[in-house]
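The structure under discussion appears below in the form of structure tokens.
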Amino acid sequence: MSAVRSVLLAIDMATRRRDQAGQGLSHVQNAQLFAQNQMVQLETYAAETESRWAAAAQTRTTPELMRHHYQFMDRLHHAIGLQSGVLDNASRKVDVAKRQVLEAEFRLTSLKQVLKKKQLDIAIAQGRREQKQMDEFAALRSSQSTGGYFSGERS
């Protein structure tokens, strides 16, 4: 029975670890979604700025204004590049978290199989014990009845 208790304790711990891994996965997926939304905002802003600049540049443009625009767009594209790195990092974290959840699920499933095997072994052993007791009881009854019968004939 202590073996079953040990496996039940291990299952409880594995369940907690699996649940924690699931929460961790949810957290990194939310972070990835946030990073993706920021990327979309930056790209949308860059596209809108370019289209406004193209319209405004046709009517009034100075070399100084063009220089400021190109510097601004360089910084904006640099920010998009940085955000791309953040997004890649978030994707890697999601992949790692998914692997951790799968490993935790596998561990939990394995422990549940071990528990079933131990319970089956206990049930088989119990059945054998009961069968042995029944056989011993039957043998005892048989020897008592046979012994009584023979003792009656001798007298």
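Going by the structure tokens order, chains are called A, B, ..., each with residues numbered from 1, while ligands are numbered from 1 in the order shown.
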Please provide the set of residues having any atom within 12 Å of Ile122 of chain A, restricted to only C-alpha atoms, with same-chain residues fewer than 4 positions apart removed, written as a PyMOL selection string. chain A and resi 1-4+115-118+126-129
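Near segment 83-95 of chain A, within 7 Å and counting only C-alpha atoms, sit Leu25, Val28, Gln29, Ala31, Gln32, Ala35, Gln36 and Met39 of chain A, not including residues fewer than 6 positions from it in the same chain.
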May I have the residues within 9 Å of segment 16-22 of chain A as an MDAnalysis selection string, using only C-alpha atoms and disregarding those fewer than 5 positions away in the same chain? chainID A and resid 11 27 97:98 100:105 107:108
File dump, residues just selected, N, CA, C and O atoms, as a PDB file, in the first residue's frame:
ATOM      1  N   ILE A  11       1.934  11.436  -8.450  1.00  0.00           N
ATOM      2  CA  ILE A  11       0.912  11.912  -9.393  1.00  0.00           C
ATOM      3  C   ILE A  11       0.437  13.294  -8.992  1.00  0.00           C
ATOM      4  O   ILE A  11       0.266  14.175  -9.845  1.00  0.00           O
ATOM      5  N   HIS A  27       1.113  32.388 -19.823  1.00  0.00           N
ATOM      6  CA  HIS A  27       1.798  33.671 -19.594  1.00  0.00           C
ATOM      7  C   HIS A  27       2.672  34.053 -20.792  1.00  0.00           C
ATOM      8  O   HIS A  27       2.603  35.191 -21.269  1.00  0.00           O
ATOM      9  N   ALA A  97       7.934  26.532 -23.477  1.00  0.00           N
ATOM     10  CA  ALA A  97       6.824  26.298 -22.553  1.00  0.00           C
ATOM     11  C   ALA A  97       5.922  25.168 -23.039  1.00  0.00           C
ATOM     12  O   ALA A  97       5.443  24.355 -22.245  1.00  0.00           O
ATOM     13  N   LYS A  98       5.704  25.087 -24.342  1.00  0.00           N
ATOM     14  CA  LYS A  98       4.897  23.987 -24.895  1.00  0.00           C
ATOM     15  C   LYS A  98       5.579  22.645 -24.648  1.00  0.00           C
ATOM     16  O   LYS A  98       4.922  21.661 -24.298  1.00  0.00           O
ATOM     17  N   GLN A 100       7.608  21.981 -22.222  1.00  0.00           N
ATOM     18  CA  GLN A 100       7.505  21.697 -20.790  1.00  0.00           C
ATOM     19  C   GLN A 100       6.124  21.136 -20.441  1.00  0.00           C
ATOM     20  O   GLN A 100       6.019  20.213 -19.631  1.00  0.00           O
ATOM     21  N   VAL A 101       5.096  21.671 -21.055  1.00  0.00           N
ATOM     22  CA  VAL A 101       3.744  21.154 -20.812  1.00  0.00           C
ATOM     23  C   VAL A 101       3.647  19.714 -21.315  1.00  0.00           C
ATOM     24  O   VAL A 101       3.111  18.837 -20.618  1.00  0.00           O
ATOM     25  N   LEU A 102       4.170  19.461 -22.504  1.00  0.00           N
ATOM     26  CA  LEU A 102       4.124  18.103 -23.053  1.00  0.00           C
ATOM     27  C   LEU A 102       4.898  17.120 -22.173  1.00  0.00           C
ATOM     28  O   LEU A 102       4.446  15.997 -21.927  1.00  0.00           O
ATOM     29  N   GLU A 103       6.068  17.532 -21.710  1.00  0.00           N
ATOM     30  CA  GLU A 103       6.862  16.670 -20.836  1.00  0.00           C
ATOM     31  C   GLU A 103       6.123  16.403 -19.527  1.00  0.00           C
ATOM     32  O   GLU A 103       6.130  15.276 -19.017  1.00  0.00           O
ATOM     33  N   ALA A 104       5.486  17.433 -18.983  1.00  0.00           N
ATOM     34  CA  ALA A 104       4.729  17.261 -17.743  1.00  0.00           C
ATOM     35  C   ALA A 104       3.536  16.339 -17.960  1.00  0.00           C
ATOM     36  O   ALA A 104       3.228  15.493 -17.109  1.00  0.00           O
ATOM     37  N   GLU A 105       2.875  16.481 -19.093  1.00  0.00           N
ATOM     38  CA  GLU A 105       1.754  15.593 -19.427  1.00  0.00           C
ATOM     39  C   GLU A 105       2.233  14.150 -19.578  1.00  0.00           C
ATOM     40  O   GLU A 105       1.587  13.221 -19.110  1.00  0.00           O
ATOM     41  N   ARG A 107       4.882  12.788 -18.217  1.00  0.00           N
ATOM     42  CA  ARG A 107       5.250  12.299 -16.874  1.00  0.00           C
ATOM     43  C   ARG A 107       3.998  11.893 -16.108  1.00  0.00           C
ATOM     44  O   ARG A 107       3.957  10.828 -15.482  1.00  0.00           O
ATOM     45  N   LEU A 108       2.978  12.720 -16.154  1.00  0.00           N
ATOM     46  CA  LEU A 108       1.737  12.430 -15.446  1.00  0.00           C
ATOM     47  C   LEU A 108       1.080  11.168 -15.994  1.00  0.00           C
ATOM     48  O   LEU A 108       0.639  10.300 -15.235  1.00  0.00           O
TER      49      LEU A 108
END
Would you mind listing what lies within 9 Å of Met73 of chain A as a list in words, with only C-alpha atoms counted and same-chain residues fewer than 3 positions away left out? Ala46, Thr49, Glu50, His68, His69, Tyr70, Leu76, His77 and His78 of chain A
Requested write-out: C-alpha atoms of the selected residues, as a short mmCIF file (atom, residue, chain, number, x, y, z; two decimals), in the first residue's frame:
data_model
loop_
_atom_site.label_atom_id
_atom_site.label_comp_id
_atom_site.auth_asym_id
_atom_site.auth_seq_id
_atom_site.Cartn_x
_atom_site.Cartn_y
_atom_site.Cartn_z
CA ALA A 46 5.34 53.24 -40.39
CA THR A 49 3.71 57.82 -41.95
CA GLU A 50 5.14 56.89 -45.34
CA HIS A 68 14.27 64.70 -40.65
CA HIS A 69 11.79 62.39 -42.27
CA TYR A 70 14.46 59.87 -43.30
CA LEU A 76 11.11 53.67 -36.74
CA HIS A 77 12.50 50.81 -38.84
CA HIS A 78 15.16 50.23 -36.18
#
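In this structure, atom CA of Gln38 of chain A sits 15.5 Å away from atom CA of Arg75 of chain A.
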